[in-house]
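Undergrad: This is query_30.pdb, which holds PDB, C-alpha atoms:
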```pdb
ATOM      1  CA  MET A   1      63.004  39.925 -26.014
ATOM      2  CA  GLN A   2      63.063  42.353 -23.089
ATOM      3  CA  ALA A   3      59.883  44.050 -24.375
ATOM      4  CA  LEU A   4      58.136  40.680 -24.573
ATOM      5  CA  THR A   5      59.237  39.781 -21.046
ATOM      6  CA  HIS A   6      58.025  43.162 -19.774
ATOM      7  CA  LEU A   7      54.643  42.746 -21.523
ATOM      8  CA  HIS A   8      54.299  39.247 -20.071
ATOM      9  CA  ALA A   9      55.111  40.477 -16.554
ATOM     10  CA  ARG A  10      52.644  43.391 -16.800
ATOM     11  CA  ALA A  11      49.793  41.277 -18.193
ATOM     12  CA  PHE A  12      50.130  38.433 -15.731
ATOM     13  CA  GLY A  13      51.011  40.745 -12.854
ATOM     14  CA  ALA A  14      47.672  42.490 -13.388
ATOM     15  CA  LEU A  15      45.943  39.110 -13.536
ATOM     16  CA  ASP A  16      47.589  38.070 -10.269
ATOM     17  CA  ALA A  17      46.563  41.305  -8.591
ATOM     18  CA  THR A  18      42.935  41.375  -9.758
ATOM     19  CA  LEU A  19      41.555  37.958 -10.675
ATOM     20  CA  SER A  20      43.737  35.513  -8.781
ATOM     21  CA  PRO A  21      42.430  36.388  -5.278
ATOM     22  CA  ILE A  22      38.848  36.062  -6.517
ATOM     23  CA  LEU A  23      39.083  33.263  -9.045
ATOM     24  CA  LEU A  24      41.432  30.742  -7.404
ATOM     25  CA  PRO A  25      39.600  30.224  -4.091
ATOM     26  CA  THR A  26      36.198  30.345  -5.793
ATOM     27  CA  LEU A  27      37.253  27.723  -8.342
ATOM     28  CA  ALA A  28      38.847  25.559  -5.634
ATOM     29  CA  ARG A  29      35.583  25.532  -3.654
ATOM     30  CA  ALA A  30      33.539  24.929  -6.815
ATOM     31  CA  LEU A  31      35.799  22.017  -7.793
ATOM     32  CA  PHE A  32      35.521  20.463  -4.343
ATOM     33  CA  VAL A  33      31.726  20.831  -4.318
ATOM     34  CA  ALA A  34      31.334  19.545  -7.901
ATOM     35  CA  SER A  35      33.539  16.494  -7.474
ATOM     36  CA  LEU A  36      33.624  15.530  -3.785
ATOM     37  CA  PHE A  37      30.656  17.030  -1.925
ATOM     38  CA  GLY A  38      28.218  14.343  -3.121
ATOM     39  CA  TYR A  39      30.827  11.634  -2.602
ATOM     40  CA  TYR A  40      31.316  12.527   1.063
ATOM     41  CA  TRP A  41      27.630  13.202   1.692
ATOM     42  CA  ASN A  42      26.642   9.785   0.296
ATOM     43  CA  SER A  43      29.477   8.125   2.184
ATOM     44  CA  GLY A  44      28.203   9.687   5.417
ATOM     45  CA  LEU A  45      24.661   8.522   4.655
ATOM     46  CA  THR A  46      25.860   4.903   4.345
ATOM     47  CA  LYS A  47      27.026   5.116   7.962
ATOM     48  CA  THR A  48      23.943   6.561   9.652
ATOM     49  CA  GLY A  49      21.131   4.585  11.158
ATOM     50  CA  GLU A  50      17.415   5.216  10.682
ATOM     51  CA  GLY A  51      15.915   8.669  11.211
ATOM     52  CA  LEU A  52      17.422  11.558  13.097
ATOM     53  CA  ALA A  53      18.616   9.258  15.885
ATOM     54  CA  GLY A  54      20.687   7.512  13.229
ATOM     55  CA  LEU A  55      23.192  10.346  13.500
ATOM     56  CA  VAL A  56      24.079   8.934  16.918
ATOM     57  CA  ARG A  57      23.088   5.274  16.526
ATOM     58  CA  LEU A  58      25.223   4.466  13.539
ATOM     59  CA  ASP A  59      24.767   1.606  11.129
ATOM     60  CA  THR A  60      27.228  -1.299  11.437
ATOM     61  CA  GLY A  61      28.536  -0.257   8.025
ATOM     62  CA  ALA A  62      30.093   2.785   9.683
ATOM     63  CA  TYR A  63      32.322   0.574  11.825
ATOM     64  CA  ILE A  64      33.167  -1.695   8.895
ATOM     65  CA  GLN A  65      34.184   1.274   6.748
ATOM     66  CA  ILE A  66      36.140   3.267   9.335
ATOM     67  CA  LEU A  67      37.652   0.568  11.607
ATOM     68  CA  PRO A  68      37.517  -2.603   9.493
ATOM     69  CA  ARG A  69      40.190  -4.645  11.308
ATOM     70  CA  VAL A  70      39.133  -3.563  14.791
ATOM     71  CA  PHE A  71      35.490  -4.305  14.021
ATOM     72  CA  ASP A  72      36.417  -7.716  12.628
ATOM     73  CA  ALA A  73      38.449  -8.456  15.780
ATOM     74  CA  VAL A  74      35.392  -7.884  18.016
ATOM     75  CA  GLY A  75      33.184 -10.118  15.876
ATOM     76  CA  TYR A  76      31.305  -7.228  14.213
ATOM     77  CA  ASP A  77      29.640  -6.295  17.506
ATOM     78  CA  PRO A  78      29.543  -2.490  18.014
ATOM     79  CA  SER A  79      28.861  -2.899  21.729
ATOM     80  CA  ALA A  80      32.204  -4.734  22.061
ATOM     81  CA  LEU A  81      34.088  -1.642  20.915
ATOM     82  CA  GLY A  82      35.542   0.710  23.469
ATOM     83  CA  PRO A  83      34.409   4.316  23.852
ATOM     84  CA  VAL A  84      37.380   5.693  21.901
ATOM     85  CA  ALA A  85      36.668   3.496  18.882
ATOM     86  CA  ARG A  86      32.969   4.420  18.954
ATOM     87  CA  ALA A  87      33.861   8.133  19.240
ATOM     88  CA  VAL A  88      36.254   7.878  16.276
ATOM     89  CA  VAL A  89      33.520   6.373  14.118
ATOM     90  CA  LEU A  90      30.891   8.842  15.314
ATOM     91  CA  PHE A  91      33.042  11.953  14.801
ATOM     92  CA  GLY A  92      34.390  10.602  11.510
ATOM     93  CA  THR A  93      30.830  10.179  10.259
ATOM     94  CA  TRP A  94      29.832  13.666  11.393
ATOM     95  CA  ALA A  95      32.940  15.098   9.707
ATOM     96  CA  GLU A  96      31.762  13.669   6.374
ATOM     97  CA  PHE A  97      28.729  15.942   6.642
ATOM     98  CA  ALA A  98      30.071  18.991   8.479
ATOM     99  CA  LEU A  99      33.359  19.667   6.675
ATOM    100  CA  PRO A 100      31.919  19.578   3.123
ATOM    101  CA  LEU A 101      28.998  21.776   4.243
ATOM    102  CA  LEU A 102      31.406  24.343   5.669
ATOM    103  CA  LEU A 103      33.386  24.329   2.421
ATOM    104  CA  LEU A 104      30.217  24.699   0.354
ATOM    105  CA  ALA A 105      29.161  27.727   2.395
ATOM    106  CA  GLY A 106      32.666  29.120   2.643
ATOM    107  CA  LEU A 107      32.412  29.296   6.426
ATOM    108  CA  PHE A 108      35.549  28.754   8.517
ATOM    109  CA  THR A 109      36.997  27.682   5.196
ATOM    110  CA  ARG A 110      40.663  27.477   6.121
ATOM    111  CA  LEU A 111      39.926  25.340   9.166
ATOM    112  CA  ALA A 112      37.425  23.159   7.247
ATOM    113  CA  ALA A 113      39.903  22.643   4.395
ATOM    114  CA  LEU A 114      42.619  21.715   6.888
ATOM    115  CA  GLY A 115      40.187  19.264   8.504
ATOM    116  CA  MET A 116      39.373  17.753   5.103
ATOM    117  CA  ILE A 117      43.076  17.308   4.346
ATOM    118  CA  GLY A 118      43.423  15.367   7.598
ATOM    119  CA  PHE A 119      40.252  13.442   6.793
ATOM    120  CA  VAL A 120      41.568  12.456   3.334
ATOM    121  CA  ALA A 121      44.883  11.377   4.877
ATOM    122  CA  VAL A 122      43.141   9.180   7.469
ATOM    123  CA  GLN A 123      40.721   7.867   4.830
ATOM    124  CA  THR A 124      43.646   6.916   2.591
ATOM    125  CA  TRP A 125      45.416   5.187   5.486
ATOM    126  CA  VAL A 126      42.235   3.198   6.290
ATOM    127  CA  ASP A 127      41.763   2.289   2.621
ATOM    128  CA  VAL A 128      45.315   0.938   2.409
ATOM    129  CA  MET A 129      45.800  -0.595   5.869
ATOM    130  CA  GLY A 130      42.232  -1.613   6.638
ATOM    131  CA  HIS A 131      40.770  -2.475   3.265
ATOM    132  CA  GLY A 132      43.919  -3.539   1.402
ATOM    133  CA  ALA A 133      43.726  -0.903  -1.368
ATOM    134  CA  ALA A 134      46.885  -0.373  -3.385
ATOM    135  CA  LEU A 135      48.408   3.024  -2.728
ATOM    136  CA  GLY A 136      50.271   3.270  -6.012
ATOM    137  CA  ALA A 137      53.208   5.605  -6.482
ATOM    138  CA  TRP A 138      53.990   9.058  -7.758
ATOM    139  CA  PHE A 139      56.351   9.537 -10.711
ATOM    140  CA  ASP A 140      55.578   6.065 -12.074
ATOM    141  CA  ARG A 141      54.031   7.186 -15.425
ATOM    142  CA  HIS A 142      50.633   5.816 -14.325
ATOM    143  CA  ALA A 143      47.942   8.197 -13.066
ATOM    144  CA  ASP A 144      45.679   5.479 -11.727
ATOM    145  CA  GLY A 145      46.892   4.975  -8.174
ATOM    146  CA  LEU A 146      45.104   5.937  -5.004
ATOM    147  CA  ILE A 147      47.870   8.384  -4.146
ATOM    148  CA  ASP A 148      47.424  10.128  -7.519
ATOM    149  CA  GLU A 149      43.677  10.489  -6.963
ATOM    150  CA  ARG A 150      44.005  11.739  -3.402
ATOM    151  CA  GLY A 151      46.722  14.190  -4.450
ATOM    152  CA  PHE A 152      44.208  15.822  -6.778
ATOM    153  CA  TRP A 153      41.603  15.821  -4.006
ATOM    154  CA  VAL A 154      43.960  17.572  -1.584
ATOM    155  CA  PHE A 155      45.304  20.225  -3.964
ATOM    156  CA  PRO A 156      42.216  22.509  -3.943
ATOM    157  CA  LEU A 157      42.032  22.054  -0.169
ATOM    158  CA  ILE A 158      45.626  23.246   0.215
ATOM    159  CA  LEU A 159      44.766  26.242  -1.939
ATOM    160  CA  LEU A 160      41.812  27.033   0.348
ATOM    161  CA  VAL A 161      44.007  26.791   3.448
ATOM    162  CA  LEU A 162      46.466  29.239   1.865
ATOM    163  CA  LYS A 163      44.038  31.642   0.137
ATOM    164  CA  GLY A 164      40.826  31.386   2.145
ATOM    165  CA  ALA A 165      37.324  31.088   0.687
ATOM    166  CA  GLY A 166      37.326  34.066  -1.661
ATOM    167  CA  PRO A 167      34.702  36.789  -2.020
ATOM    168  CA  LEU A 168      31.699  34.514  -2.651
ATOM    169  CA  SER A 169      31.610  33.022   0.825
ATOM    170  CA  LEU A 170      30.205  33.454   4.291
ATOM    171  CA  ASP A 171      33.749  34.130   5.499
ATOM    172  CA  ALA A 172      33.933  37.179   3.202
ATOM    173  CA  LEU A 173      30.445  38.295   4.223
ATOM    174  CA  LEU A 174      31.332  38.080   7.908
ATOM    175  CA  SER A 175      34.587  39.897   7.259
ATOM    176  CA  ARG A 176      32.742  42.716   5.433
ATOM    177  CA  ARG A 177      30.262  42.985   8.325
ATOM    178  CA  GLN A 178      33.151  43.471  10.753
ATOM    179  CA  SER A 179      34.668  46.225   8.598
ATOM    180  CA  PRO A 180      31.917  47.367   6.175
ATOM    181  CA  SER A 181      33.911  50.194   4.619
ATOM    182  CA  ALA A 182      36.741  47.980   3.389
ATOM    183  CA  PRO A 183      36.324  46.504  -0.109
ATOM    184  CA  PHE A 184      37.470  42.958  -0.793
ATOM    185  CA  THR A 185      41.192  42.721  -1.428
ATOM    186  CA  PRO A 186      43.553  39.812  -0.899
ATOM    187  CA  ALA A 187      44.777  41.516   2.277
ATOM    188  CA  SER A 188      41.222  41.877   3.631
ATOM    189  CA  GLN A 189      40.341  38.245   2.979
ATOM    190  CA  PRO A 190      39.576  36.231   6.143
ATOM    191  CA  ARG A 191      42.552  34.306   7.447
TER     192      ARG A 191
END
```
Write the structure described by the file as structure tokens, please.

TA:
Amino acid sequence: MQALTHLHARAFGALDATLSPILLPTLARALFVASLFGYYWNSGLTKTGEGLAGLVRLDTGAYIQILPRVFDAVGYDPSALGPVARAVVLFGTWAEFALPLLLLAGLFTRLAALGMIGFVAVQTWVDVMGHGAALGAWFDRHADGLIDERGFWVFPLILLVLKGAGPLSLDALLSRRQSPSAPFTPASQPR
């Protein structure tokens, strides 16, 4: 039994030392891009107005999606909203484009992943409190609740906050440019 335990520790210890720092962050970014990049990009597009100016002059749908109760209270008139509410909707819309793009490129990955975690938390709160979605519960033998889904969304983001973007990223490229003689190792990965 001791020989088997030793073999197991050696095999998986080598895997942890060589592949884990490369594979885990790369797969986490790939999973985010494959499953959520298009979702957030399309969601952002539903909030913009026409043309390039539409990035500043948002569609009324942006206010309905992000501040549903507040927007209802002002009679669905964007001009009746205060500057803070308009800024929340504007920056929330921009975040739907910027944060996924940063994660795709692997640029400022830890900060972008942390921002996405906050974004998912706020999005979940708005879905439940503003749109009346059922949150569901963990440990209830059903994997169909909003909290279950968002837990899976956040997991690769947590991994990116902890591990960084990995070697196939702009973060790694910038790190190598700062110290070109150092090969990629977990210790040399951008923090």

Undergrad: What's the separation between atom CA of Leu99 of chain A and atom CA of Gly115 of chain A, in Å to one decimal place?

TA: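 Pair atom CA of Leu99 of chain A / atom CA of Gly115 of chain A returns 7.1 Å.
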
Undergrad: So which residues get picked by the PyMOL selection byres ((chain A and resi 58-67) around 7) here, written as a list in words?

TA: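 That expression, the PyMOL selection byres ((chain A and resi 58-67) around 7), corresponds here to Thr46, Lys47, Thr48, Gly49, Gly54, Leu55, Val56, Arg57, Pro68, Arg69, Val70, Phe71, Val89 and Val126 of chain A.
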
Undergrad: Which residue, A:Ala98, A:Val128, A:Ile22, A:Ala80, has the smallest gap to Gly166 of chain A when you use all atoms listed in the file?

TA: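 Closest candidate: A:Ile22.
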
Undergrad: Find, counting all atoms listed in the file, the residue in A:His6, A:Arg29, A:Arg150, A:Arg176 that gets nearest to Ala137 of chain A.

TA: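 The shortest atom-to-atom distance to Ala137 of chain A comes from A:Arg150.
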
Undergrad: Check which residues satisfy the PyMOL selection byres ((chain A and resi 41-45) around 9) in the file shown, then give them as a list in words.

TA: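 On this input, the PyMOL selection byres ((chain A and resi 41-45) around 9) captures Leu36, Phe37, Gly38, Tyr39, Tyr40, Thr46, Lys47, Thr48, Gly49, Ala62, Gly92, Thr93, Trp94, Ala95, Glu96, Phe97 and Pro100 of chain A.
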
Undergrad: Please write as a PyMOL selection string the list of polymer residues whose atoms come within 12 Å of (43.0, 17.7, -1.5), counting all atoms listed in the file and keeping to the coordinates of the file.

TA: chain A and resi 28-29+31-32+35-36+112-121+123-124+147-161

Undergrad: Can you work out the spacing between atom CA of Leu101 of chain A and atom CA of Leu170 of chain A in Å, to one decimal?

TA: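 Between atom CA of Leu101 of chain A and atom CA of Leu170 of chain A the gap works out to 11.7 Å.
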
Undergrad: Might you spell out which residues the PyMOL selection byres ((chain A and resi 23) around 12) would select in the displayed file, as an mmCIF file with C-alpha atoms, keeping the file's coordinate frame?

TA:
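The resulting file, part02.cif, is reproduced below:
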```
data_model
loop_
_atom_site.group_PDB
_atom_site.id
_atom_site.type_symbol
_atom_site.label_atom_id
_atom_site.label_comp_id
_atom_site.auth_asym_id
_atom_site.auth_seq_id
_atom_site.Cartn_x
_atom_site.Cartn_y
_atom_site.Cartn_z
ATOM 1 C CA LEU A 15 45.943 39.110 -13.536
ATOM 2 C CA ASP A 16 47.589 38.070 -10.269
ATOM 3 C CA ALA A 17 46.563 41.305 -8.591
ATOM 4 C CA THR A 18 42.935 41.375 -9.758
ATOM 5 C CA LEU A 19 41.555 37.958 -10.675
ATOM 6 C CA SER A 20 43.737 35.513 -8.781
ATOM 7 C CA PRO A 21 42.430 36.388 -5.278
ATOM 8 C CA ILE A 22 38.848 36.062 -6.517
ATOM 9 C CA LEU A 24 41.432 30.742 -7.404
ATOM 10 C CA PRO A 25 39.600 30.224 -4.091
ATOM 11 C CA THR A 26 36.198 30.345 -5.793
ATOM 12 C CA LEU A 27 37.253 27.723 -8.342
ATOM 13 C CA ALA A 28 38.847 25.559 -5.634
ATOM 14 C CA ARG A 29 35.583 25.532 -3.654
ATOM 15 C CA ALA A 30 33.539 24.929 -6.815
ATOM 16 C CA LEU A 31 35.799 22.017 -7.793
ATOM 17 C CA LEU A 159 44.766 26.242 -1.939
ATOM 18 C CA LEU A 160 41.812 27.033 0.348
ATOM 19 C CA LYS A 163 44.038 31.642 0.137
ATOM 20 C CA GLY A 164 40.826 31.386 2.145
ATOM 21 C CA ALA A 165 37.324 31.088 0.687
ATOM 22 C CA GLY A 166 37.326 34.066 -1.661
ATOM 23 C CA PRO A 167 34.702 36.789 -2.020
ATOM 24 C CA LEU A 168 31.699 34.514 -2.651
ATOM 25 C CA PRO A 186 43.553 39.812 -0.899
#
```

Undergrad: Model the absent atoms of segment 51-62 of chain A so that all heavy atoms are present, and write the result as a short mmCIF file (atom, residue, chain, number, x, y, z; two decimals), in the frame of the given file.

TA:
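What landed in result-v5.cif:
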```cif
data_model
loop_
_atom_site.label_atom_id
_atom_site.label_comp_id
_atom_site.auth_asym_id
_atom_site.auth_seq_id
_atom_site.Cartn_x
_atom_site.Cartn_y
_atom_site.Cartn_z
N GLY A 51 16.45 7.43 10.65
CA GLY A 51 15.92 8.67 11.21
C GLY A 51 16.98 9.58 11.77
O GLY A 51 18.18 9.40 11.55
N LEU A 52 16.52 10.58 12.51
CA LEU A 52 17.42 11.56 13.10
C LEU A 52 18.33 10.92 14.15
O LEU A 52 19.50 11.30 14.28
CB LEU A 52 16.60 12.70 13.71
CG LEU A 52 17.35 13.97 14.04
CD1 LEU A 52 18.12 14.51 12.85
CD2 LEU A 52 16.39 15.02 14.56
N ALA A 53 17.80 9.96 14.88
CA ALA A 53 18.62 9.26 15.88
C ALA A 53 19.76 8.49 15.23
O ALA A 53 20.75 8.17 15.90
CB ALA A 53 17.75 8.31 16.69
N GLY A 54 19.64 8.23 13.95
CA GLY A 54 20.69 7.51 13.23
C GLY A 54 22.00 8.28 13.13
O GLY A 54 23.02 7.71 12.79
N LEU A 55 21.95 9.57 13.45
CA LEU A 55 23.19 10.35 13.50
C LEU A 55 24.02 10.01 14.74
O LEU A 55 25.20 10.33 14.81
CB LEU A 55 22.89 11.85 13.46
CG LEU A 55 22.39 12.38 12.13
CD1 LEU A 55 21.93 13.82 12.27
CD2 LEU A 55 23.47 12.25 11.06
N VAL A 56 23.38 9.36 15.71
CA VAL A 56 24.08 8.93 16.92
C VAL A 56 24.17 7.41 16.97
O VAL A 56 25.19 6.86 17.34
CB VAL A 56 23.37 9.48 18.18
CG1 VAL A 56 24.06 9.01 19.44
CG2 VAL A 56 23.32 11.00 18.14
N ARG A 57 23.10 6.75 16.58
CA ARG A 57 23.09 5.27 16.53
C ARG A 57 23.45 4.86 15.11
O ARG A 57 22.58 4.69 14.25
CB ARG A 57 21.71 4.74 16.90
CG ARG A 57 21.42 4.87 18.36
CD ARG A 57 20.15 4.12 18.74
NE ARG A 57 19.39 4.96 19.66
CZ ARG A 57 18.17 5.38 19.46
NH1 ARG A 57 17.50 5.02 18.40
NH2 ARG A 57 17.57 6.15 20.35
N LEU A 58 24.73 4.71 14.89
CA LEU A 58 25.22 4.47 13.54
C LEU A 58 24.95 3.05 13.07
O LEU A 58 24.83 2.12 13.86
CB LEU A 58 26.73 4.76 13.48
CG LEU A 58 27.13 6.19 13.82
CD1 LEU A 58 28.64 6.33 13.82
CD2 LEU A 58 26.50 7.19 12.86
N ASP A 59 24.91 2.91 11.78
CA ASP A 59 24.77 1.61 11.13
C ASP A 59 26.08 0.83 11.30
O ASP A 59 27.15 1.42 11.41
CB ASP A 59 24.47 1.83 9.64
CG ASP A 59 24.16 0.54 8.92
OD1 ASP A 59 23.03 0.05 9.08
OD2 ASP A 59 25.05 0.04 8.20
N THR A 60 26.00 -0.49 11.29
CA THR A 60 27.23 -1.30 11.44
C THR A 60 28.20 -1.03 10.29
O THR A 60 29.41 -1.19 10.45
CB THR A 60 26.91 -2.81 11.50
OG1 THR A 60 26.15 -3.17 10.36
CG2 THR A 60 26.16 -3.15 12.76
N GLY A 61 27.66 -0.59 9.15
CA GLY A 61 28.54 -0.26 8.02
C GLY A 61 29.53 0.83 8.36
O GLY A 61 30.63 0.88 7.80
N ALA A 62 29.18 1.71 9.28
CA ALA A 62 30.09 2.78 9.68
C ALA A 62 31.36 2.20 10.30
O ALA A 62 32.48 2.63 10.01
CB ALA A 62 29.40 3.71 10.68
#
```
